[in-house]
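For reference, data06.tsv (TSV, C-alpha atoms):
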chain	number	residue	atom	x	y	z
C	277	MET	CA	0.00	0.00	0.00
C	278	SER	CA	2.80	2.41	-0.73
C	279	GLU	CA	0.52	4.37	-3.05
C	280	LEU	CA	-1.74	5.26	-0.14
C	281	SER	CA	-0.86	8.67	1.21
C	282	ILE	CA	-2.62	10.92	3.64
C	283	PRO	CA	-4.64	13.52	1.74
C	284	ASP	CA	-3.31	17.00	2.25
C	285	THR	CA	-6.46	18.60	3.59
C	286	LYS	CA	-4.75	21.86	4.52
C	287	VAL	CA	-4.29	23.12	0.96
C	288	PRO	CA	-7.34	25.12	-0.13
C	289	ALA	CA	-9.19	23.73	-3.11
C	290	SER	CA	-9.35	27.11	-4.79
C	291	SER	CA	-10.00	25.93	-8.30
C	292	GLU	CA	-12.34	23.44	-9.89
C	293	ALA	CA	-9.39	21.52	-11.30
C	294	GLU	CA	-7.84	21.17	-7.87
C	295	PHE	CA	-11.15	20.04	-6.40
C	296	LEU	CA	-11.53	17.41	-9.10
C	297	ARG	CA	-7.96	16.24	-8.62
C	298	ARG	CA	-8.68	15.64	-4.95
C	299	VAL	CA	-11.94	13.84	-5.69
C	300	ARG	CA	-10.17	11.56	-8.17
C	301	ALA	CA	-7.37	10.92	-5.70
C	302	ASP	CA	-9.83	9.97	-2.97
C	303	LEU	CA	-11.79	7.70	-5.28
C	304	ASP	CA	-8.57	6.02	-6.44
C	305	ARG	CA	-7.53	5.56	-2.84
C	306	SER	CA	-10.91	4.00	-2.03
C	307	CYS	CA	-10.24	1.43	-4.75
C	308	SER	CA	-6.82	0.66	-3.33
C	309	ALA	CA	-8.35	0.30	0.13
C	310	LEU	CA	-10.91	-2.35	-0.87
C	311	ASP	CA	-10.91	-5.24	1.57
C	312	GLY	CA	-9.54	-8.66	0.68
C	313	GLN	CA	-12.93	-10.35	0.62
C	314	THR	CA	-14.33	-7.91	-1.95
C	315	LEU	CA	-11.21	-8.17	-4.11
C	316	SER	CA	-11.41	-11.95	-4.00
C	317	ARG	CA	-15.06	-11.86	-5.09
C	318	LEU	CA	-14.29	-9.46	-7.92
C	319	ASN	CA	-11.50	-11.77	-9.01
C	320	ARG	CA	-13.86	-14.76	-9.06
C	321	ILE	CA	-16.49	-12.80	-10.96
C	322	ARG	CA	-13.94	-11.82	-13.63
C	323	HIS	CA	-12.67	-15.38	-14.01
C	324	ALA	CA	-16.21	-16.71	-14.31
C	325	ALA	CA	-16.94	-14.20	-17.08
C	326	LEU	CA	-13.74	-15.07	-18.96
C	327	GLU	CA	-14.38	-18.79	-18.62
C	328	ARG	CA	-17.76	-18.31	-20.23
C	329	LYS	CA	-16.02	-16.58	-23.10
C	330	ALA	CA	-13.52	-19.42	-23.43
C	331	GLN	CA	-16.29	-22.01	-23.77
C	332	PRO	CA	-17.15	-22.81	-27.39
C	333	ARG	CA	-20.38	-21.17	-28.46
C	334	ARG	CA	-22.87	-23.60	-29.94
C	335	ALA	CA	-25.92	-21.40	-30.07
C	336	PRO	CA	-25.19	-19.82	-33.48
C	337	VAL	CA	-24.82	-23.28	-35.07
C	338	LEU	CA	-28.13	-24.48	-33.65
C	339	LEU	CA	-29.93	-21.21	-34.31
C	340	PRO	CA	-31.05	-21.97	-37.91
C	341	PHE	CA	-32.31	-25.41	-36.85
C	342	GLY	CA	-34.15	-23.83	-33.95
C	343	GLY	CA	-35.77	-21.39	-36.36
C	344	LEU	CA	-36.75	-24.23	-38.70
C	345	VAL	CA	-38.28	-26.26	-35.88
C	346	THR	CA	-40.20	-23.19	-34.69
C	347	ALA	CA	-41.51	-22.56	-38.21
C	348	VAL	CA	-42.68	-26.18	-38.60
C	349	VAL	CA	-44.39	-26.12	-35.20
C	350	LEU	CA	-46.12	-22.86	-36.11
C	351	VAL	CA	-47.36	-24.25	-39.44
C	352	PHE	CA	-48.78	-27.33	-37.70
C	353	ALA	CA	-50.34	-25.21	-34.99
C	354	VAL	CA	-52.08	-23.04	-37.58
C	355	MET	CA	-53.24	-26.09	-39.55
C	356	LEU	CA	-54.61	-27.85	-36.49
C	357	ASN	CA	-56.33	-24.74	-35.23
C	358	GLU	CA	-58.24	-24.17	-38.46
C	359	PRO	CA	-61.92	-23.94	-37.64
C	360	THR	CA	-63.65	-27.20	-38.37
C	361	GLN	CA	-66.47	-27.02	-40.87
C	362	VAL	CA	-69.88	-26.89	-39.29
C	363	PRO	CA	-72.25	-29.37	-40.93
C	364	ASP	CA	-74.84	-27.68	-43.04
C	365	ALA	CA	-77.62	-29.66	-41.56
C	366	LEU	CA	-78.20	-31.79	-38.56
C	367	PRO	CA	-78.11	-35.56	-39.14
C	368	SER	CA	-81.37	-37.07	-40.19
C	369	GLY	CA	-83.39	-39.29	-37.91
C	370	ALA	CA	-81.93	-42.49	-39.43
C	371	GLU	CA	-78.39	-41.22	-39.06
C	372	GLN	CA	-79.09	-40.20	-35.50
C	373	LEU	CA	-80.26	-43.74	-34.77
C	374	GLU	CA	-77.06	-45.09	-36.33
C	375	TYR	CA	-74.98	-42.84	-34.09
C	376	LEU	CA	-77.02	-43.94	-31.11
C	377	ASP	CA	-76.31	-47.56	-32.03
C	378	LEU	CA	-72.67	-46.80	-32.24
C	379	LEU	CA	-72.58	-45.09	-28.87
C	380	SER	CA	-74.62	-47.68	-27.07
C	381	SER	CA	-72.92	-50.69	-28.68
C	382	THR	CA	-70.63	-52.92	-26.66
C	383	GLU	CA	-68.53	-53.72	-29.74
C	384	ASP	CA	-64.92	-52.72	-29.73
C	385	LEU	CA	-64.17	-49.42	-31.43
C	386	ASP	CA	-61.83	-51.24	-33.84
C	387	PHE	CA	-64.84	-53.06	-35.22
C	388	TYR	CA	-66.39	-49.78	-36.37
C	389	GLU	CA	-63.15	-48.56	-37.80
C	390	GLU	CA	-62.92	-51.73	-39.92
C	391	LEU	CA	-66.62	-51.71	-40.69
C	392	GLU	CA	-66.14	-51.25	-44.42
C	393	PHE	CA	-63.81	-54.25	-44.52
C	394	TYR	CA	-66.36	-56.46	-42.74
C	395	GLN	CA	-69.08	-55.29	-45.12
C	396	TRP	CA	-66.89	-56.16	-48.12
C	397	LEU	CA	-66.12	-59.54	-46.55
C	398	ALA	CA	-69.81	-60.24	-46.03
C	399	ASP	CA	-70.65	-59.16	-49.61
C	400	SER	CA	-67.88	-61.25	-51.16
C	401	SER	CA	-68.85	-64.36	-49.17
C	402	ILE	CA	-72.32	-64.15	-50.69
G	67	MET	CA	-4.40	-14.00	-13.52
G	68	THR	CA	-2.44	-17.22	-13.97
G	69	SER	CA	-5.57	-19.35	-13.94
G	70	ALA	CA	-7.21	-17.02	-16.48
G	71	ILE	CA	-4.23	-17.42	-18.81
G	72	LEU	CA	-4.37	-21.18	-18.30
G	73	THR	CA	-8.08	-21.17	-19.10
G	74	LEU	CA	-7.46	-19.22	-22.26
G	75	ALA	CA	-4.61	-21.50	-23.24
G	76	VAL	CA	-6.85	-24.52	-22.77
G	77	ALA	CA	-9.51	-22.81	-24.89
G	78	ARG	CA	-6.92	-22.18	-27.58
G	79	ASP	CA	-5.81	-25.82	-27.52
G	80	ASP	CA	-9.44	-26.94	-27.74
G	81	ALA	CA	-10.02	-24.62	-30.66
G	82	GLN	CA	-6.90	-25.96	-32.35
G	83	ALA	CA	-8.05	-29.53	-31.82
G	84	MET	CA	-11.52	-28.74	-33.18
G	85	HIS	CA	-10.16	-27.16	-36.30
G	86	GLY	CA	-7.70	-29.94	-37.05
G	87	TYR	CA	-4.68	-27.78	-36.35
G	88	ASP	CA	-1.89	-28.90	-38.61
G	89	GLY	CA	0.62	-26.14	-38.15
G	90	ASP	CA	-0.84	-23.97	-40.85
G	91	HIS	CA	0.43	-20.43	-40.39
G	92	ALA	CA	-2.86	-18.73	-41.18
G	93	ALA	CA	-4.70	-20.81	-38.62
G	94	GLU	CA	-1.93	-20.19	-36.13
G	95	ARG	CA	-2.15	-16.45	-36.66
G	96	ARG	CA	-5.92	-16.57	-36.27
G	97	GLU	CA	-5.69	-18.49	-33.01
G	98	SER	CA	-3.02	-16.15	-31.75
G	99	LYS	CA	-5.28	-13.20	-32.52
G	100	VAL	CA	-8.16	-14.79	-30.61
G	101	LEU	CA	-5.90	-15.50	-27.66
G	102	GLN	CA	-4.58	-11.94	-27.67
G	103	ARG	CA	-8.11	-10.57	-27.76
G	104	GLN	CA	-9.12	-12.72	-24.81
G	105	LEU	CA	-6.07	-11.68	-22.87
G	106	GLY	CA	-6.92	-8.07	-23.69
G	107	LEU	CA	-10.44	-8.64	-22.41
G	108	GLY	CA	-9.06	-10.11	-19.20
G	109	ASN	CA	-6.73	-7.15	-18.73
G	110	PHE	CA	-9.52	-4.71	-19.40
G	111	LEU	CA	-11.81	-6.32	-16.83
G	112	ALA	CA	-9.02	-6.53	-14.26
G	113	GLY	CA	-8.27	-2.85	-14.77
G	114	VAL	CA	-11.84	-1.67	-14.50
G	115	GLU	CA	-13.39	-3.98	-11.90
G	116	ARG	CA	-12.56	-1.95	-8.80
G	117	ARG	CA	-13.84	1.33	-10.21
G	118	ALA	CA	-16.96	-0.39	-11.50
G	119	TYR	CA	-17.56	-1.87	-8.07
G	120	ARG	CA	-17.06	1.49	-6.36
G	121	MET	CA	-19.51	3.16	-8.76
G	122	ALA	CA	-22.13	0.49	-8.15
G	123	ARG	CA	-21.45	0.55	-4.40
G	124	ILE	CA	-21.93	4.31	-4.21
G	125	ALA	CA	-25.15	4.03	-6.26
G	126	THR	CA	-26.66	1.14	-4.28
G	127	GLY	CA	-25.07	1.59	-0.88
G	128	ASN	CA	-24.90	-2.18	-0.64
G	129	GLN	CA	-21.95	-4.51	-1.20
G	130	GLU	CA	-23.91	-7.52	-2.45
G	131	GLU	CA	-26.02	-5.50	-4.86
G	132	ALA	CA	-22.90	-3.80	-6.19
G	133	LEU	CA	-21.12	-7.12	-6.76
G	134	ASP	CA	-24.19	-8.53	-8.52
G	135	ILE	CA	-24.30	-5.50	-10.81
G	136	VAL	CA	-20.60	-5.81	-11.68
G	137	GLN	CA	-21.04	-9.52	-12.33
G	138	ASP	CA	-23.97	-8.94	-14.69
G	139	ALA	CA	-22.10	-6.18	-16.51
G	140	MET	CA	-18.99	-8.35	-16.99
G	141	LEU	CA	-20.96	-11.34	-18.23
G	142	LYS	CA	-22.96	-9.23	-20.66
G	143	LEU	CA	-19.83	-7.53	-21.98
G	144	VAL	CA	-18.05	-10.83	-22.51
G	145	GLU	CA	-21.04	-12.48	-24.15
G	146	LYS	CA	-22.07	-9.63	-26.39
G	147	TYR	CA	-18.94	-7.64	-27.07
G	148	GLY	CA	-16.08	-9.99	-26.19
G	149	ASP	CA	-14.80	-9.82	-29.77
G	150	LYS	CA	-14.56	-6.04	-29.87
G	151	PRO	CA	-11.14	-4.37	-29.78
G	152	GLU	CA	-9.94	-3.33	-26.33
G	153	SER	CA	-10.22	0.37	-27.17
G	154	GLU	CA	-14.00	0.04	-27.60
G	155	LEU	CA	-14.63	-1.93	-24.43
G	156	GLY	CA	-14.63	0.99	-21.97
G	157	PRO	CA	-17.73	2.85	-23.18
G	158	LEU	CA	-19.53	-0.44	-23.85
G	159	PHE	CA	-18.80	-1.75	-20.37
G	160	PHE	CA	-19.88	1.43	-18.64
G	161	ARG	CA	-23.02	1.58	-20.72
G	162	ILE	CA	-23.96	-1.91	-19.53
G	163	LEU	CA	-23.00	-1.03	-15.97
G	164	GLN	CA	-25.17	2.08	-16.03
G	165	SER	CA	-28.06	0.11	-17.45
G	166	ARG	CA	-27.76	-2.40	-14.61
G	167	ILE	CA	-27.56	0.36	-12.01
G	168	ARG	CA	-30.70	1.98	-13.41
G	169	ASP	CA	-32.48	-1.42	-13.40
G	170	TRP	CA	-31.52	-1.86	-9.76
G	171	TYR	CA	-32.73	1.64	-8.96
G	172	ARG	CA	-36.13	1.02	-10.59
G	173	ARG	CA	-36.56	-2.29	-8.81
G	174	SER	CA	-35.60	-0.89	-5.44
G	175	THR	CA	-37.91	2.11	-5.93
G	176	VAL	CA	-40.87	-0.17	-6.64
G	177	ARG	CA	-39.93	-2.45	-3.74
G	178	ASN	CA	-39.63	0.45	-1.32
G	179	ARG	CA	-42.95	1.83	-2.48
G	180	PHE	CA	-44.64	-1.50	-1.82
G	181	ARG	CA	-43.00	-1.73	1.55
G	182	SER	CA	-44.10	1.72	2.52
G	183	TRP	CA	-47.67	0.88	1.42
G	184	LEU	CA	-47.60	-2.29	3.44
G	185	GLY	CA	-45.97	-0.50	6.37
G	186	MET	CA	-43.10	-2.96	6.44
G	187	ALA	CA	-39.92	-2.02	8.21
G	188	ASP	CA	-36.74	-2.42	6.18
G	189	GLU	CA	-34.69	-4.22	8.77
G	190	GLU	CA	-34.07	-6.98	6.17
G	191	ASP	CA	-31.90	-4.57	4.26
G	192	ASP	CA	-29.57	-4.01	7.14
G	193	GLU	CA	-26.10	-5.07	6.19
G	194	ASP	CA	-23.92	-7.32	8.21
G	195	ALA	CA	-21.71	-4.94	10.15
G	196	LEU	CA	-18.69	-7.16	9.50
G	197	GLN	CA	-19.09	-6.64	5.76
G	198	LEU	CA	-18.51	-2.95	6.22
G	199	VAL	CA	-15.26	-3.29	8.11
G	200	ALA	CA	-12.37	-2.54	5.78
G	201	ASP	CA	-9.27	-4.67	5.81
G	202	PRO	CA	-6.81	-2.66	7.90
G	203	ALA	CA	-3.73	-4.49	6.58
G	204	GLY	CA	-0.92	-2.20	5.53
G	205	LYS	CA	-2.33	1.08	6.82
G	206	THR	CA	-1.40	3.06	9.87
G	207	PRO	CA	-4.17	4.44	12.10
G	208	GLU	CA	-3.32	7.96	10.90
G	209	GLU	CA	-3.68	6.92	7.27
G	210	LEU	CA	-6.96	5.17	7.98
G	211	LEU	CA	-8.31	8.18	9.83
G	212	ALA	CA	-7.37	10.57	7.04
G	213	LEU	CA	-8.72	8.23	4.39
G	214	GLN	CA	-11.98	7.64	6.22
G	215	GLY	CA	-12.35	11.36	6.85
G	216	SER	CA	-12.11	12.65	3.31
G	217	MET	CA	-13.32	9.51	1.52
G	218	GLY	CA	-16.19	9.03	3.91
G	219	ALA	CA	-17.33	12.59	3.36
G	220	LEU	CA	-16.96	12.25	-0.41
G	221	GLU	CA	-18.85	8.96	-0.51
G	222	ASP	CA	-21.60	10.40	1.66
G	223	ALA	CA	-21.91	13.48	-0.56
G	224	LEU	CA	-21.93	11.38	-3.73
G	225	ALA	CA	-24.52	8.99	-2.30
G	226	LYS	CA	-26.85	11.89	-1.56
G	227	LEU	CA	-26.78	13.14	-5.15
G	228	PRO	CA	-29.62	12.16	-7.49
G	229	LEU	CA	-28.60	8.97	-9.34
G	230	ARG	CA	-28.13	10.62	-12.74
G	231	GLN	CA	-26.02	13.46	-11.35
G	232	GLN	CA	-23.96	11.01	-9.33
G	233	GLN	CA	-23.20	8.69	-12.23
G	234	VAL	CA	-22.58	11.48	-14.74
G	235	PHE	CA	-20.14	13.04	-12.31
G	236	LEU	CA	-18.28	9.77	-11.75
G	237	LEU	CA	-18.07	9.01	-15.46
G	238	ARG	CA	-16.87	12.50	-16.34
G	239	ALA	CA	-14.62	13.29	-13.39
G	240	TRP	CA	-13.27	9.85	-12.55
G	241	GLU	CA	-13.48	7.74	-15.70
G	242	GLY	CA	-12.48	10.70	-17.85
G	243	LEU	CA	-15.24	10.22	-20.44
G	244	ASP	CA	-16.06	13.30	-22.49
G	245	VAL	CA	-19.57	14.75	-22.80
G	246	LYS	CA	-20.41	12.77	-25.94
G	247	GLN	CA	-19.19	9.45	-24.53
G	248	THR	CA	-21.00	10.08	-21.25
G	249	ALA	CA	-24.22	10.84	-23.12
G	250	GLN	CA	-23.87	7.57	-25.04
G	251	VAL	CA	-23.15	5.62	-21.88
G	252	MET	CA	-26.02	7.19	-19.94
G	253	GLY	CA	-28.43	7.09	-22.88
G	254	CYS	CA	-29.31	10.78	-22.65
G	255	ALA	CA	-28.66	14.03	-24.49
G	256	GLU	CA	-25.33	15.85	-24.28
G	257	GLY	CA	-27.12	18.87	-22.85
G	258	SER	CA	-28.45	16.73	-20.00
G	259	VAL	CA	-24.94	15.49	-19.26
G	260	LYS	CA	-23.67	19.05	-18.99
G	261	THR	CA	-26.53	20.03	-16.70
G	262	HIS	CA	-26.18	16.97	-14.45
G	263	TYR	CA	-22.43	17.42	-14.24
G	264	SER	CA	-22.47	21.11	-13.36
G	265	ARG	CA	-25.18	20.59	-10.73
G	266	ALA	CA	-23.32	17.65	-9.21
G	267	LEU	CA	-20.07	19.60	-9.14
G	268	ALA	CA	-21.69	22.62	-7.49
G	269	THR	CA	-23.41	20.46	-4.87
G	270	LEU	CA	-20.27	18.50	-4.08
G	271	ARG	CA	-18.11	21.61	-3.74
G	272	GLU	CA	-20.67	23.07	-1.39
G	273	ARG	CA	-20.99	19.92	0.71
G	274	LEU	CA	-17.32	19.00	0.79
G	275	GLY	CA	-16.03	22.45	1.53
G	276	ASP	CA	-15.08	21.61	5.10
G	277	HIS	CA	-13.16	18.51	4.10
G	278	TYR	CA	-11.41	19.89	1.05
G	279	LEU	CA	-10.41	23.33	2.30

Output the file's structure as structure tokens, nothing else.
Amino acid sequence: MSELSIPDTKVPASSEAEFLRRVRADLDRSCSALDGQTLSRLNRIRHAALERKAQPRRAPVLLPFGGLVTAVVLVFAVMLNEPTQVPDALPSGAEQLEYLDLLSSTEDLDFYEELEFYQWLADSSI
Amino acid sequence: MTSAILTLAVARDDAQAMHGYDGDHAAERRESKVLQRQLGLGNFLAGVERRAYRMARIATGNQEEALDIVQDAMLKLVEKYGDKPESELGPLFFRILQSRIRDWYRRSTVRNRFRSWLGMADEEDDEDALQLVADPAGKTPEELLALQGSMGALEDALAKLPLRQQQVFLLRAWEGLDVKQTAQVMGCAEGSVKTHYSRALATLRERLGDHYL
């Protein structure tokens, strides 16, 4: 701490320049007088920042892919959110009965999904 | 510093390994340039960290907040502007630092307003007294007394200034930035810088008269 000297408070600060010189000197001295704990923390902070810089940056490489993925997701979101077409008319009475059969039936759902196949099978066996 | 150099050297070796370093002079020159830039960045941060901390400490009046602000400013500088030449780093760093100080100021203003509405006491903000005790190593009692006398008065006077005046004064008078650079760093007009600076100077001269005469 050889740079630390007692401020000469007896000399009048007659000019602005002299006043500023003293302010700067005091501020510089306050930096020199920082305690060991604070200096150690500042040191660690600096090293952490530099280490981050030293790490290879991968983000720019992945950025275009990220943009592509976002675009695809957006397209799908828009497609899936398209308003479904409202039927022009309500189902007729016969159709309603069919739907009721479907809902009340104990058959497995797969059966109805393959219904056309079973109908073809029944027709061809005749 | 040694560990920083080692870190950078390891980074250089990694970069060399990644790029299939085969002794090519162009690649060698490029790597050397990167290494020099990183060393320059390290030197810049080492040279500025204490002043940055003091500025943030005077603005916040709190050691932890000041260290957080310096940390954020360093990380942002390294991430965003780490490839800039060393000569450009100063204004960029102080611009980030000022932005962080203003963010802190806004947050603390809102927090204090809420606390005052809720009638909460601010005993949680009280600092650990041990944190405020300076390391007395290497200083005589006379030196400490003199330092605490003038520096304490200066810090007190600076802390009582409005934030903009305080930071403009520190940037102009201590960091040596000119009006234009200060305006860029503070994000305000050059006329505002001149006004803040002259008001801060007049107030400080008035308040510090007893200590500086």

- Students should find that CA of Ala293 in chain C and CA of Thr126 in chain G are spaced 27.6 Å

- Computed gap from CA of Ile124 in chain G to CA of Ser291 in chain C is 25.0 Å

- In Å to one decimal, how far is CA of Leu143 in chain G from CA of Ile321 in chain C?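 These two atoms are separated by 12.7 Å.
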
- Task: Show which residues sit within 10 Å of Pro228 in chain G, as an NGL selection string. Count all atoms listed in the file, and ignore same-chain residues fewer than 4 positions away.
- Result: :G and (125 or 224 or 232-233 or 262 or 266)

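Proximity ranking of G:Gly127, G:Gly257, G:Gly218, G:Gly148 relative to Gln102 in chain G places G:Gly148 first, based on all atoms listed in the file.
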
Contacts of Arg116 in chain G within 8 Å, all atoms listed in the file, excl. fewer than 6 positions in-chain, as a short mmCIF file (atom, residue, chain, number, x, y, z; two decimals) with C-alpha atoms, in the coordinates of the input:
data_model
loop_
_atom_site.label_atom_id
_atom_site.label_comp_id
_atom_site.auth_asym_id
_atom_site.auth_seq_id
_atom_site.Cartn_x
_atom_site.Cartn_y
_atom_site.Cartn_z
CA CYS C 307 -10.24 1.43 -4.75
CA LEU C 315 -11.21 -8.17 -4.11
CA LEU C 318 -14.29 -9.46 -7.92
#
